[in-house]
Structures are given as C-alpha cells and as structure tokens.
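What's in upload_3.cif: mmCIF, C-alpha atoms
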data_protein
loop_
_atom_site.label_atom_id
_atom_site.label_comp_id
_atom_site.auth_asym_id
_atom_site.auth_seq_id
_atom_site.Cartn_x
_atom_site.Cartn_y
_atom_site.Cartn_z
CA MET A 282 1.56 -33.18 27.46
CA THR A 283 0.42 -35.52 24.74
CA GLY A 284 3.74 -35.48 22.90
CA PRO A 285 4.33 -35.17 19.18
CA ILE A 286 1.47 -36.08 16.89
CA SER A 287 0.93 -36.32 13.19
CA ASP A 288 -0.21 -33.25 11.31
CA HIS A 289 -2.88 -35.26 9.51
CA THR A 290 -6.42 -35.42 10.82
CA SER A 291 -9.23 -37.31 9.19
CA GLY A 292 -12.89 -37.64 9.91
CA PRO A 293 -14.74 -35.96 12.77
CA ARG A 294 -12.46 -34.94 15.58
CA THR A 295 -12.55 -33.39 19.01
CA ASP A 296 -9.78 -30.89 19.66
CA PRO A 297 -7.83 -31.01 22.90
CA GLY A 298 -9.11 -28.47 25.32
CA THR A 299 -12.39 -27.92 23.53
CA ALA A 300 -14.69 -29.87 25.78
CA PRO A 301 -18.10 -28.26 26.28
CA GLY A 302 -18.34 -25.80 29.14
CA ARG A 303 -16.81 -22.58 30.28
CA PRO A 304 -13.17 -21.78 29.49
CA PRO A 305 -10.76 -22.15 32.44
CA ALA A 306 -9.35 -19.10 34.23
CA ALA A 307 -6.00 -19.62 32.53
CA ALA A 308 -7.69 -19.11 29.17
CA TRP A 309 -8.78 -15.59 30.11
CA ARG A 310 -5.36 -14.72 31.53
CA ASN A 311 -3.66 -15.83 28.32
CA LEU A 312 -6.22 -13.95 26.24
CA VAL A 313 -5.62 -10.68 28.12
CA VAL A 314 -1.82 -10.96 27.99
CA ALA A 315 -1.81 -11.93 24.30
CA THR A 316 -4.18 -9.08 23.39
CA LEU A 317 -1.96 -6.56 25.19
CA GLY A 318 1.11 -7.84 23.35
CA PHE A 319 -0.74 -7.77 20.03
CA ALA A 320 -1.67 -4.12 20.64
CA LEU A 321 1.88 -3.05 21.52
CA THR A 322 3.52 -4.82 18.60
CA PHE A 323 0.86 -3.48 16.24
CA TRP A 324 1.61 0.00 17.52
CA ALA A 325 5.23 -0.62 16.60
CA TRP A 326 4.20 -2.03 13.23
CA ASN A 327 2.29 1.18 12.48
CA LEU A 328 4.84 3.69 13.80
CA VAL A 329 5.77 5.06 10.39
CA ALA A 330 2.31 5.82 8.94
CA PRO A 331 1.20 8.54 11.42
CA LEU A 332 4.56 10.29 11.00
CA ALA A 333 4.70 10.08 7.20
CA GLY A 334 3.51 13.69 6.90
CA ASP A 335 6.18 14.91 9.31
CA PHE A 336 8.86 12.90 7.51
CA ASP A 337 7.63 14.34 4.22
CA ALA A 338 8.18 17.91 5.47
CA ARG A 339 11.85 17.03 5.90
CA LEU A 340 12.40 14.60 3.03
CA HIS A 341 9.97 16.04 0.40
CA MET A 342 8.67 12.67 -0.79
CA SER A 343 6.36 12.10 -3.76
CA SER A 344 2.96 10.45 -3.17
CA SER A 345 4.31 7.14 -4.48
CA ALA A 346 7.43 7.33 -2.29
CA GLN A 347 5.32 8.09 0.78
CA SER A 348 2.99 5.18 -0.05
CA LEU A 349 5.97 2.82 -0.36
CA LEU A 350 7.35 4.02 2.97
CA VAL A 351 4.17 3.14 4.87
CA ALA A 352 3.62 -0.08 2.90
CA VAL A 353 7.00 -1.77 3.49
CA PRO A 354 6.35 -2.72 7.15
CA VAL A 355 2.94 -4.05 6.10
CA LEU A 356 4.49 -6.30 3.46
CA VAL A 357 7.18 -7.70 5.74
CA GLY A 358 4.84 -8.14 8.69
CA SER A 359 2.38 -9.97 6.48
CA LEU A 360 4.83 -12.40 4.90
CA GLY A 361 6.55 -12.93 8.24
CA ARG A 362 3.35 -14.40 9.69
CA VAL A 363 3.81 -17.54 7.62
CA PRO A 364 7.03 -18.78 9.28
CA VAL A 365 6.08 -17.30 12.66
CA GLY A 366 2.78 -19.21 12.62
CA ALA A 367 4.59 -22.45 11.79
CA PHE A 368 7.15 -21.89 14.56
CA THR A 369 4.32 -21.16 17.01
CA ASP A 370 2.75 -24.54 16.20
CA ARG A 371 6.06 -26.18 17.13
CA TYR A 372 7.48 -24.06 19.97
CA GLY A 373 4.39 -22.42 21.45
CA ALA A 374 3.33 -18.85 22.17
CA ARG A 375 5.09 -18.81 25.54
CA LEU A 376 8.42 -18.66 23.71
CA MET A 377 7.41 -16.82 20.55
CA PHE A 378 5.50 -13.86 22.04
CA PRO A 379 8.28 -12.61 24.36
CA LEU A 380 10.91 -13.29 21.70
CA VAL A 381 9.21 -11.36 18.90
CA SER A 382 8.25 -8.51 21.26
CA ALA A 383 11.85 -8.14 22.43
CA LEU A 384 13.26 -8.25 18.88
CA THR A 385 10.81 -5.54 17.77
CA ILE A 386 12.51 -3.10 20.16
CA VAL A 387 15.55 -2.94 17.84
CA PRO A 388 13.88 -1.37 14.76
CA VAL A 389 11.77 0.89 16.99
CA LEU A 390 14.92 2.45 18.42
CA LEU A 391 16.63 2.53 15.02
CA LEU A 392 13.92 4.91 13.79
CA ILE A 393 15.61 7.63 15.86
CA PRO A 394 18.76 7.88 13.71
CA ALA A 395 16.93 6.80 10.53
CA LYS A 396 14.23 9.48 10.40
CA GLY A 397 16.43 11.91 8.45
CA SER A 398 17.02 9.56 5.50
CA TYR A 399 14.44 8.02 3.18
CA GLY A 400 16.67 5.03 2.41
CA ALA A 401 17.31 4.39 6.10
CA LEU A 402 13.58 4.61 6.85
CA ILE A 403 12.84 1.98 4.19
CA VAL A 404 15.45 -0.38 5.67
CA VAL A 405 14.26 0.12 9.26
CA GLY A 406 10.64 -0.19 8.11
CA PHE A 407 11.54 -3.59 6.68
CA PHE A 408 12.63 -4.85 10.10
CA LEU A 409 9.77 -3.02 11.81
CA GLY A 410 7.50 -5.44 9.97
CA LEU A 411 8.43 -8.02 12.61
CA GLY A 412 5.90 -6.39 14.93
CA GLY A 413 3.10 -7.34 12.55
CA THR A 414 3.76 -11.08 12.87
CA THR A 415 2.39 -11.54 16.41
CA PHE A 416 -1.10 -12.12 15.05
CA ALA A 417 0.04 -15.59 13.97
CA ILE A 418 1.26 -16.25 17.53
CA GLY A 419 -1.87 -15.23 19.38
CA VAL A 420 -4.49 -16.99 17.27
CA PRO A 421 -3.20 -20.56 17.89
CA LEU A 422 -2.79 -19.74 21.60
CA VAL A 423 -6.36 -18.48 21.97
CA ASN A 424 -7.75 -21.19 19.71
CA ALA A 425 -6.21 -23.92 21.91
CA TRP A 426 -7.53 -22.53 25.20
CA PHE A 427 -11.16 -21.80 24.21
CA PRO A 428 -13.85 -24.36 23.30
CA PRO A 429 -15.67 -23.98 19.95
CA ALA A 430 -18.73 -22.25 21.42
CA HIS A 431 -16.54 -19.40 22.69
CA ARG A 432 -13.80 -19.25 20.07
CA GLY A 433 -15.35 -16.66 17.78
CA ALA A 434 -15.83 -14.15 20.59
CA ALA A 435 -12.41 -14.94 22.13
CA LEU A 436 -10.61 -14.50 18.81
CA GLY A 437 -12.58 -11.29 18.30
CA VAL A 438 -11.35 -10.00 21.66
CA PHE A 439 -7.79 -10.93 20.74
CA GLY A 440 -8.30 -9.15 17.44
CA MET A 441 -8.98 -5.97 19.39
CA GLY A 442 -5.22 -5.82 19.77
CA MET A 443 -5.19 -4.30 16.31
CA GLY A 444 -6.27 -1.22 18.26
CA GLY A 445 -2.53 -0.66 18.44
CA VAL A 446 -3.05 1.04 15.09
CA ALA A 447 -5.49 3.45 16.76
CA LEU A 448 -3.09 4.02 19.65
CA SER A 449 -0.33 4.78 17.19
CA GLY A 450 -2.50 7.11 15.14
CA TYR A 451 -3.52 9.12 18.21
CA PHE A 452 -0.46 9.14 20.47
CA THR A 453 2.51 8.85 18.10
CA PRO A 454 2.14 12.24 16.33
CA ARG A 455 1.38 13.99 19.64
CA MET A 456 4.42 12.56 21.36
CA TYR A 457 6.52 13.29 18.28
CA LYS A 458 5.36 16.91 18.35
CA HIS A 459 6.45 17.15 22.00
CA SER A 460 9.81 15.48 21.34
CA GLU A 461 10.93 13.77 18.13
CA ASN A 462 12.42 10.78 19.97
CA LEU A 463 9.70 10.36 22.61
CA PRO A 464 7.33 7.90 20.83
CA PHE A 465 10.19 5.54 19.99
CA LEU A 466 11.62 5.57 23.52
CA VAL A 467 8.23 5.09 25.17
CA LEU A 468 7.24 2.20 22.91
CA ALA A 469 10.63 0.50 23.26
CA ALA A 470 10.28 0.62 27.06
CA ALA A 471 6.72 -0.72 26.87
CA LEU A 472 7.81 -3.62 24.66
CA ALA A 473 10.65 -4.49 27.04
CA VAL A 474 8.29 -4.58 30.03
CA TYR A 475 5.78 -6.64 28.09
CA ALA A 476 8.40 -9.18 26.98
CA VAL A 477 9.19 -9.88 30.63
CA LEU A 478 5.51 -10.09 31.64
CA ALA A 479 4.70 -12.40 28.74
CA ALA A 480 7.53 -14.76 29.68
CA LEU A 481 6.17 -14.90 33.23
CA LEU A 482 2.42 -15.08 32.55
CA LEU A 483 1.80 -16.73 29.18
CA ARG A 484 1.23 -20.50 29.18
CA ASP A 485 0.59 -22.85 26.29
CA ARG A 486 -2.15 -25.37 26.92
CA PRO A 487 -0.41 -28.43 28.46
CA ASP A 488 -2.20 -30.91 26.18
CA ARG A 489 -1.83 -28.90 22.99
CA PRO A 490 -0.87 -31.06 20.01
CA ILE A 491 2.78 -30.56 19.04
CA PRO A 492 3.52 -31.35 15.38
CA SER A 493 6.52 -33.55 14.76
CA THR A 494 7.17 -32.61 11.13
CA ALA A 495 9.21 -29.72 9.77
CA PRO A 496 7.60 -26.25 9.43
CA THR A 497 8.03 -26.36 5.65
CA HIS A 498 6.09 -29.64 5.49
CA ARG A 499 3.27 -28.25 7.63
CA LEU A 500 3.07 -25.09 5.55
CA ALA A 501 2.92 -27.21 2.42
CA GLN A 502 0.07 -29.22 3.94
CA ALA A 503 -1.82 -26.06 4.87
CA GLY A 504 -1.19 -24.64 1.42
CA ARG A 505 -2.78 -27.68 -0.20
CA LEU A 506 -6.09 -27.06 1.54
CA ARG A 507 -8.52 -25.20 -0.69
CA VAL A 508 -10.15 -23.61 2.34
CA THR A 509 -6.85 -21.94 3.29
CA TRP A 510 -6.93 -19.86 0.14
CA GLU A 511 -10.66 -19.19 0.31
CA LEU A 512 -10.24 -17.80 3.81
CA SER A 513 -7.14 -15.92 2.70
CA ALA A 514 -9.09 -14.13 -0.02
CA LEU A 515 -11.86 -13.10 2.38
CA TYR A 516 -9.40 -11.96 5.03
CA ALA A 517 -7.40 -10.02 2.45
CA ILE A 518 -10.52 -7.94 1.82
CA GLY A 519 -11.63 -7.54 5.45
CA PHE A 520 -8.41 -7.18 7.40
CA GLY A 521 -6.53 -5.92 4.36
CA GLY A 522 -8.99 -3.04 4.18
CA ILE A 523 -8.33 -2.23 7.83
CA VAL A 524 -4.56 -2.27 7.35
CA ALA A 525 -4.79 -0.21 4.16
CA PHE A 526 -6.89 2.47 5.82
CA GLY A 527 -4.73 2.33 8.93
CA VAL A 528 -1.56 3.14 7.02
CA TYR A 529 -2.97 5.37 4.27
CA LEU A 530 -5.98 7.15 5.80
CA PRO A 531 -3.84 9.89 7.42
CA THR A 532 -2.28 10.63 4.02
CA TYR A 533 -5.70 10.56 2.31
CA LEU A 534 -7.26 12.94 4.83
CA LYS A 535 -4.25 15.25 4.73
CA THR A 536 -4.10 15.33 0.92
CA TRP A 537 -7.79 15.37 -0.06
CA TYR A 538 -9.41 17.14 2.91
CA GLU A 539 -6.39 19.32 3.75
CA LEU A 540 -6.20 18.34 7.42
CA SER A 541 -3.10 18.86 9.52
CA PRO A 542 -1.05 15.72 10.31
CA THR A 543 -2.36 15.72 13.90
CA GLU A 544 -5.99 16.12 12.83
CA ALA A 545 -5.61 13.43 10.17
CA GLY A 546 -3.97 11.08 12.68
CA THR A 547 -6.78 11.66 15.19
CA LYS A 548 -9.51 10.89 12.67
CA ALA A 549 -7.60 7.84 11.43
CA ALA A 550 -7.37 6.68 15.04
CA GLY A 551 -11.15 7.00 15.29
CA PHE A 552 -11.54 4.81 12.22
CA ALA A 553 -9.19 2.20 13.71
CA LEU A 554 -11.03 2.32 17.05
CA VAL A 555 -14.33 1.47 15.35
CA THR A 556 -12.74 -1.55 13.64
CA VAL A 557 -11.40 -2.67 17.03
CA ILE A 558 -14.85 -2.43 18.65
CA PHE A 559 -16.60 -4.31 15.85
CA ARG A 560 -14.09 -7.14 15.49
CA PRO A 561 -15.27 -8.99 18.65
CA ILE A 562 -18.85 -8.19 17.62
CA GLY A 563 -18.15 -10.01 14.36
CA GLY A 564 -16.78 -12.99 16.28
CA TRP A 565 -19.73 -12.96 18.70
CA LEU A 566 -22.23 -12.87 15.84
CA ALA A 567 -20.34 -15.69 14.10
CA ASP A 568 -20.75 -17.89 17.19
CA ARG A 569 -24.52 -17.36 17.04
CA ILE A 570 -25.34 -17.21 13.32
CA HIS A 571 -22.73 -18.47 10.86
CA PRO A 572 -19.41 -16.76 10.19
CA ALA A 573 -19.93 -16.92 6.42
CA VAL A 574 -23.29 -15.14 6.64
CA VAL A 575 -21.89 -12.46 8.94
CA THR A 576 -18.94 -11.97 6.59
CA SER A 577 -21.22 -11.65 3.59
CA TRP A 578 -23.42 -8.95 5.13
CA ALA A 579 -20.42 -7.03 6.45
CA LEU A 580 -18.62 -7.00 3.09
CA GLY A 581 -21.84 -6.02 1.33
CA GLU A 582 -22.03 -2.95 3.54
CA VAL A 583 -18.40 -2.08 2.76
CA ALA A 584 -19.06 -2.38 -0.99
CA LEU A 585 -21.96 0.08 -0.76
CA LEU A 586 -20.11 2.62 1.36
CA ALA A 587 -17.00 2.51 -0.82
CA VAL A 588 -19.19 3.67 -3.72
CA VAL A 589 -20.48 6.51 -1.55
CA GLN A 590 -16.93 7.58 -0.69
CA ALA A 591 -15.91 7.42 -4.35
CA PHE A 592 -18.18 10.42 -4.96
CA ASP A 593 -16.04 12.52 -2.59
CA PRO A 594 -18.61 13.63 -0.03
CA SER A 595 -17.77 16.54 2.24
CA LEU A 596 -15.78 15.56 5.32
CA SER A 597 -18.53 16.53 7.76
CA PRO A 598 -20.84 14.74 8.02
CA GLY A 599 -20.80 12.69 4.78
CA ALA A 600 -17.29 11.25 4.61
CA THR A 601 -17.04 10.91 8.39
CA ILE A 602 -20.20 8.79 8.57
CA SER A 603 -19.25 6.78 5.47
CA LEU A 604 -15.75 5.97 6.69
CA LEU A 605 -16.86 5.07 10.22
CA LEU A 606 -19.59 2.73 8.93
CA MET A 607 -17.07 1.22 6.55
CA ALA A 608 -14.77 0.66 9.54
CA ALA A 609 -17.59 -1.16 11.33
CA GLY A 610 -18.11 -3.45 8.33
CA LEU A 611 -14.41 -4.22 7.94
CA GLY A 612 -14.02 -4.91 11.65
CA THR A 613 -17.04 -7.22 11.68
CA ALA A 614 -15.78 -9.12 8.63
CA SER A 615 -12.31 -9.57 10.17
CA GLY A 616 -13.79 -11.07 13.32
CA SER A 617 -16.17 -13.40 11.49
CA VAL A 618 -13.55 -14.67 9.03
CA PHE A 619 -11.27 -15.81 11.83
CA ALA A 620 -14.18 -17.46 13.58
CA LEU A 621 -14.45 -19.44 10.36
CA VAL A 622 -10.73 -20.28 10.47
CA ALA A 623 -11.15 -21.69 13.98
CA ARG A 624 -14.16 -23.71 12.85
CA VAL A 625 -12.61 -25.47 9.86
CA THR A 626 -8.88 -25.82 10.66
CA PRO A 627 -7.40 -28.97 12.26
CA GLN A 628 -5.93 -27.99 15.62
CA PRO A 629 -2.29 -28.99 14.88
CA GLN A 630 -2.34 -26.77 11.79
CA VAL A 631 -3.98 -23.66 13.25
CA GLY A 632 -0.69 -21.76 13.42
CA SER A 633 0.31 -22.67 9.87
CA VAL A 634 -3.09 -21.83 8.39
CA THR A 635 -3.27 -18.67 10.50
CA GLY A 636 0.14 -17.65 9.20
CA ILE A 637 -0.95 -18.02 5.58
CA VAL A 638 -4.36 -16.40 6.06
CA GLY A 639 -2.87 -13.62 8.17
CA ALA A 640 -0.18 -13.03 5.57
CA MET A 641 -2.76 -12.70 2.82
CA GLY A 642 -4.73 -10.30 5.01
CA GLY A 643 -1.68 -8.15 5.52
CA LEU A 644 -0.81 -8.31 1.83
CA GLY A 645 -4.35 -7.15 1.18
CA GLY A 646 -3.31 -4.01 3.04
CA PHE A 647 -0.01 -3.64 1.18
CA VAL A 648 -1.38 -3.11 -2.31
CA PRO A 649 -4.14 -0.48 -1.76
CA PRO A 650 -1.85 2.30 -0.42
CA LEU A 651 0.37 1.88 -3.47
CA VAL A 652 -2.68 1.90 -5.76
CA MET A 653 -4.17 4.95 -4.04
CA GLY A 654 -0.90 6.84 -4.28
CA ALA A 655 -0.45 5.92 -7.95
CA VAL A 656 -4.06 6.78 -8.83
CA TYR A 657 -3.88 10.13 -7.09
CA SER A 658 -0.58 10.95 -8.81
CA ALA A 659 -2.06 10.10 -12.21
CA LYS A 660 -5.65 11.35 -11.87
CA ASN A 661 -5.55 13.75 -8.91
CA SER A 662 -8.50 11.76 -7.50
CA TYR A 663 -9.10 8.81 -5.19
CA SER A 664 -12.43 7.73 -6.71
CA ILE A 665 -11.00 4.88 -8.79
CA GLY A 666 -9.36 3.40 -5.71
CA PHE A 667 -12.63 3.38 -3.78
CA MET A 668 -14.49 1.81 -6.70
CA LEU A 669 -11.89 -0.98 -6.81
CA LEU A 670 -12.46 -1.56 -3.08
CA SER A 671 -16.21 -1.74 -3.74
CA ASP A 672 -15.72 -4.36 -6.47
CA LEU A 673 -13.53 -6.54 -4.23
CA ALA A 674 -15.88 -6.28 -1.26
CA LEU A 675 -18.87 -7.20 -3.42
CA ALA A 676 -17.01 -10.24 -4.80
CA GLY A 677 -16.20 -11.34 -1.23
CA CYS A 678 -19.81 -10.81 -0.18
CA VAL A 679 -21.11 -13.09 -2.94
CA TYR A 680 -18.46 -15.78 -2.44
CA ALA A 681 -18.85 -15.91 1.35
CA TYR A 682 -22.61 -16.37 1.07
CA GLY A 683 -22.59 -18.71 -1.90
CA ARG A 684 -19.68 -21.00 -1.05
CA MET A 685 -18.56 -20.67 2.56
CA ARG A 686 -21.92 -21.37 4.21
CA ASP A 687 -21.04 -25.09 3.87
CA ALA A 688 -18.14 -24.59 6.27
CA GLY A 689 -18.48 -26.45 9.57
CA ARG A 690 -21.79 -28.09 8.66
CA THR A 691 -22.66 -30.75 11.24
CA VAL A 692 -23.28 -34.40 10.52
CA ASP A 693 -25.86 -36.75 11.94
CA THR A 694 -23.70 -37.83 14.86
CA GLY A 695 -23.71 -34.30 16.16
CA LYS A 696 -20.01 -33.88 15.50
CA ARG A 697 -18.68 -31.40 13.01
CA ARG A 698 -16.55 -32.06 10.00
CA ASP A 699 -14.05 -29.75 8.39
CA VAL A 700 -14.37 -28.11 5.03
CA SER A 701 -10.84 -29.36 4.49
CA GLU A 702 -12.19 -32.94 4.41
CA LYS A 703 -13.92 -32.11 1.13
CA VAL A 704 -10.75 -30.88 -0.47
CA PRO A 705 -8.23 -33.30 -1.90
CA GLY A 706 -5.00 -32.52 -0.19
#

Using structure tokens, write down the structure from this file.
Amino acid sequence: MTGPISDHTSGPRTDPGTAPGRPPAAAWRNLVVATLGFALTFWAWNLVAPLAGDFDARLHMSSSAQSLLVAVPVLVGSLGRVPVGAFTDRYGARLMFPLVSALTIVPVLLLIPAKGSYGALIVVGFFLGLGGTTFAIGVPLVNAWFPPAHRGAALGVFGMGMGGVALSGYFTPRMYKHSENLPFLVLAAALAVYAVLAALLLRDRPDRPIPSTAPTHRLAQAGRLRVTWELSALYAIGFGGIVAFGVYLPTYLKTWYELSPTEAGTKAAGFALVTVIFRPIGGWLADRIHPAVVTSWALGEVALLAVVQAFDPSLSPGATISLLLMAAGLGTASGSVFALVARVTPQPQVGSVTGIVGAMGGLGGFVPPLVMGAVYSAKNSYSIGFMLLSDLALAGCVYAYGRMRDAGRTVDTGKRRDVSEKVPG
C-alpha cells in the first residue's frame, strides 16, 4: 500500500492501477460482486414505488402525498451519497459495501409494521434511502481497478446494478400480492447473504491512494471544481430521469392509462430494464468516441421523445415505443456521463466527486415526481411535465456538445490532463 497521500494533484498524472493492458482477474471479481450489491440495494431503495398503488388503496392518499411517499427515499439516498463517497475514499469499498448493505436490512423489515400508516411509511422511507448510497461506493472501487481504456465499459456494467429498480418493479408487487410481507422478508435475507459475501470477496486495490485529510476537506475540494457541477447537471438529467421514471412511472401508467398496479409495475420494469441494457452501451461508446458527444446525442433523443409523449399518444404502440426509446437515451447518457467522471477526476477524489455527482443525479429524480403529481392535480394532465423534461434534456444536449468536448483532451506528450486543471480551485 502506498500510504496516505495528499488530495491535490497537479499536471499530467498516471493513476495507480491504470497501466495499459488488460484488467487483472481481481478487477472482474470486484466488478461482479459490486454490481450484484448495487442491484440488491437499489431494489431496497425502490421498494415503496411499486407498492404505492396498493398502499393508496388502504391509505387513500392524494396524488401529491403519493408522490412525496415515493420521493423521500430518493432524496435521502441521493444526499447520502456525498458522505458515503467521502468515507469510501478513506475506508474503502471492502468495509463500506457490507456495512451499508447490512444496515439497509433494518428499514426493509420496518416496512412490515409501517405499511398501515402514512406517517410511518415516510419515516421508514427516509431510512430506506440508505440503499441508494451504494452507487458512491462502487464507482471508486471499479475506477481504481480498471485502466482508462476499459473504465467507461466497466462503469457501465456496474451501472447495470440500477436494474434493481426493474427487479423491484416486476417482483415486488407480485410477491406482495402472494403475501404482504414476502417481498420484505426475501429482500432482507438476500441483503444479509450479500453482506457476508461482500466481506469475503470484495478487495480494494492494494495500491489505491488513501487521502489523509478529513472528508469535509475533500468534499470542499471537490466542490470547488467547476467540472464537478457541470457533470452533476448532466447526470441530474440523465440518471435523474431514470430515477424519476423508476419511482413515478407506475403511478403515471396507472393514473393516465388506467392500468392495474401489477400491469403498471411490469411495464415500468420494462422501462428500467432498457435503461440497464443501454447504460454499459453508453460507457462502451464513450470509450470509443467521446463521452461528451455520446451524452449530447443521447439527451437530444430524450428531448425529442419527451415532446412526443407530451401529446399523450395511445399506450400501444405510441407511448410504449416512445417511453422505451426514451429509456434507451437516458441509460446511454448515464453511462457516458460517468465515463466522463472517470476521465477528468483525480483518483484520490473519485469517491468525493462521485458522491456529489451521484447526489445531484438522485436529486434530479426527486423533483420530477413531485412536479408531475402537482401538475396532474392542478391541470389533470402530464403534458407540462414532459415538456419541462424536453427543455432540460435539450439544454444538456447543447451544453455537453458545446462545452464538455474539451474534457480529457490529450497534450503533446501523449498524456492526458484533467478539465479540473483549467478551473481555479
């Protein structure tokens, strides 16, 4: 182990463990284990959304109350990524992944007694947000093990763990229909098994840089980088769109297209599955083209399709095709944006920057469900919400292409320099 190092990097650098060549076998093992944990904790993070319709039958919630219920775990899981990312920089994923997975079991089980009370569900949903923080654990782990030529694809594969949203959308309502406590018991058991496996199998890279300064200092450093907030804005659109649709699409399909909770959950799971498939494609394309260009094209597609959906096409085939293509664009953008994070972030700060960017992405998914619920309550229509999504995606498309193409530009020596070097910090 290299021992503690300074958080500051200047000039061209070569990250530990990023020598040219193929990744070691340990890199693939860590990637598989981290992706599995990401999927399980994301399933936990999204436990409430697929059951919101069933809870509503018992609690008789308004549209705004239902939106708040599904949005609370998103908010907490998003903000929680900031400290979790900083702690991962210091203590490593080998400690943080099993710890967070084990702690997530508590709110999962508490949903059993809480499901009959709206207030209790809000409180438990707050703590359920812990499951959404594991993204900030896995990204620094994967980033350290894989060399630059493979990072985009590897981070895209890790990002497939957000398929936990699809698993939740498909299996949770079916298990709940069979027995109201079954999904919570099954997931709690799965998280317990995973926590043990992660403790046994996960390994931090031995020569990973370990920051010596306090987490608050590192977060302040990351927050002073202009690129942190540029990436945050792009990720808030891409991943935020995925989260927003993941938590609110069942409600939208149930309300507007009059589907049953099970049918709505199944179709929402299909949407989430497409985003999962296209996230590694976005990372793979980013390795071969440029992540900013890939992001721009993907967000441009989302902007166009959001306009189509604003005109309320029939569910089959119009809305189905529109929503699935939108899912492909959002998944591609999410993968390419984090390929850009890996390209421009100094290695000792990957966890801190990931925490901030991931938090902004999650927050990007917190606001839209509230907006959609409020708009529908006021106008009895979702069109305004989709037009707002189109405007944001178009803004991201233009900014990614016009500004972020400078990211990771090489210099004459053949080494790369960070965008962060251009930013006074």

Using all atoms listed in the file, which protein or nucleic acid residues come within 9 Å of region 329-344 of chain A? Drop anything in the same chain fewer than 5 positions from it, and give the result as an mmCIF file with C-alpha atoms, in the coordinates of the input.
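This is the output file selection31.cif:
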data_model
loop_
_atom_site.group_PDB
_atom_site.id
_atom_site.type_symbol
_atom_site.label_atom_id
_atom_site.label_comp_id
_atom_site.auth_asym_id
_atom_site.auth_seq_id
_atom_site.Cartn_x
_atom_site.Cartn_y
_atom_site.Cartn_z
ATOM 1 C CA LEU A 349 5.970 2.820 -0.360
ATOM 2 C CA LEU A 350 7.350 4.020 2.970
ATOM 3 C CA VAL A 351 4.170 3.140 4.870
ATOM 4 C CA ALA A 352 3.620 -0.080 2.900
ATOM 5 C CA PRO A 354 6.350 -2.720 7.150
ATOM 6 C CA LEU A 392 13.920 4.910 13.790
ATOM 7 C CA LYS A 396 14.230 9.480 10.400
ATOM 8 C CA GLY A 397 16.430 11.910 8.450
ATOM 9 C CA SER A 398 17.020 9.560 5.500
ATOM 10 C CA TYR A 399 14.440 8.020 3.180
ATOM 11 C CA LEU A 402 13.580 4.610 6.850
ATOM 12 C CA GLY A 406 10.640 -0.190 8.110
ATOM 13 C CA SER A 449 -0.330 4.780 17.190
ATOM 14 C CA GLY A 450 -2.500 7.110 15.140
ATOM 15 C CA TYR A 451 -3.520 9.120 18.210
ATOM 16 C CA THR A 453 2.510 8.850 18.100
ATOM 17 C CA PRO A 454 2.140 12.240 16.330
ATOM 18 C CA TYR A 457 6.520 13.290 18.280
ATOM 19 C CA GLY A 527 -4.730 2.330 8.930
ATOM 20 C CA VAL A 528 -1.560 3.140 7.020
ATOM 21 C CA TYR A 529 -2.970 5.370 4.270
ATOM 22 C CA LEU A 530 -5.980 7.150 5.800
ATOM 23 C CA PRO A 531 -3.840 9.890 7.420
ATOM 24 C CA THR A 532 -2.280 10.630 4.020
ATOM 25 C CA LYS A 535 -4.250 15.250 4.730
ATOM 26 C CA SER A 541 -3.100 18.860 9.520
ATOM 27 C CA PRO A 542 -1.050 15.720 10.310
ATOM 28 C CA THR A 543 -2.360 15.720 13.900
ATOM 29 C CA ALA A 545 -5.610 13.430 10.170
ATOM 30 C CA GLY A 546 -3.970 11.080 12.680
ATOM 31 C CA ALA A 549 -7.600 7.840 11.430
ATOM 32 C CA LEU A 651 0.370 1.880 -3.470
ATOM 33 C CA GLY A 654 -0.900 6.840 -4.280
ATOM 34 C CA ALA A 655 -0.450 5.920 -7.950
ATOM 35 C CA TYR A 657 -3.880 10.130 -7.090
ATOM 36 C CA SER A 658 -0.580 10.950 -8.810
#

- [ ] Identify, on the basis of only C-alpha atoms, every residue whose closest approach to region 369-385 of chain A does not exceed 9 Å; exclude the query and any residue fewer than 6 positions from it along the same chain; express the result as a PyMOL selection string.
- [x] chain A and resi 315+318-319+321-322+325-326+408-412+414-415+417-419+421-422+469+472-473+475-485+490-496+629-633

Open item on the list: Ranking A:Gly440, A:Gly551, A:Pro388, A:Gly366 by minimum distance to Val405 (chain A) and counting all atoms listed in the file, which one comes first?
Closed with: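 The answer is A:Pro388, which sits nearest to Val405 (chain A).
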
Put the listed atoms of region 462-475 of chain A in a box along x, y and z with 3 Å added on every side and give me the centre and edge lengths in Å to one decimal, as lines of an AutoDock Vina configuration file.
center_x = 9.1
center_y = 2.1
center_z = 25.0
size_x = 12.6
size_y = 23.4
size_z = 16.1

Open item on the list: For a quick check of understanding, using all atoms listed in the file, which of A:Thr556, A:Thr536, A:Thr635, A:Asn327 has the smallest distance to Phe368 (chain A)?
Closed with: A:Thr635

Task: Distance criterion (all atoms listed in the file): nearest to His571 (chain A) out of A:Gly433, A:Gly522, A:Gly444, A:Gly646 - done: A:Gly433

Open item on the list: From the options A:Met668, A:Val389, A:Ala320, A:Val575, which residue's atoms come nearest to Val467 (chain A), counting only C-alpha atoms?
Closed with: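 Of the candidates, the smallest distance to Val467 (chain A) is held by A:Val389.
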
Task: Nearest candidate to Ser597 (chain A) (options A:Ala430, A:Leu500, A:Tyr538, A:Gly358; using only C-alpha atoms) - done: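 Of all the options, A:Tyr538 lies closest to Ser597 (chain A).
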
TODO: Using the chain letters and numbering of this document, enumerate as a ChimeraX atom specification the residues selected by the PyMOL selection byres ((chain A and resi 510-516) around 10).
DONE: /A:503-509,517-522,573,576-577,580,611,614-619,621-622,634-645,673-674,676-678,680-681,684-685

Open item on the list: Need the shell around Ala308 (chain A): protein/DNA/RNA residues with any atom at most 12 Å away, counting all atoms listed in the file. Skip same-chain ones fewer than 6 positions apart. Format as an MDAnalysis selection string?
Closed with: chainID A and resid 298:299 314:315 422:428 431:432 435:436 439 482:487

Task: Two-atom distance - CA of Ser348 (chain A), CA of Ile665 (chain A) (Å) - done: 16.5 Å

Task: Nearest candidate to Val404 (chain A) (options A:Ala470, A:Val353, A:Leu585, A:Leu390; using only C-alpha atoms) - done: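 Nearest to Val404 (chain A): A:Val353.
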
Task: Point-to-point distance in Å for CA of Val555 (chain A) and CA of Tyr682 (chain A) - done: 24.3 Å

Open item on the list: Would you compute the distance between CA of Asp687 (chain A) and CA of Arg362 (chain A)? Give it in Å to one decimal.
Closed with: 27.3 Å

TODO: Find the residues around Val438 (chain A) up to 8 Å (all atoms listed in the file counted), leave out those fewer than 4 positions away in its own chain, and share them as a list in words.
DONE: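 Here the answer would be Leu312, Thr316, Ala434, Gly442, Arg560 and Pro561 of chain A.
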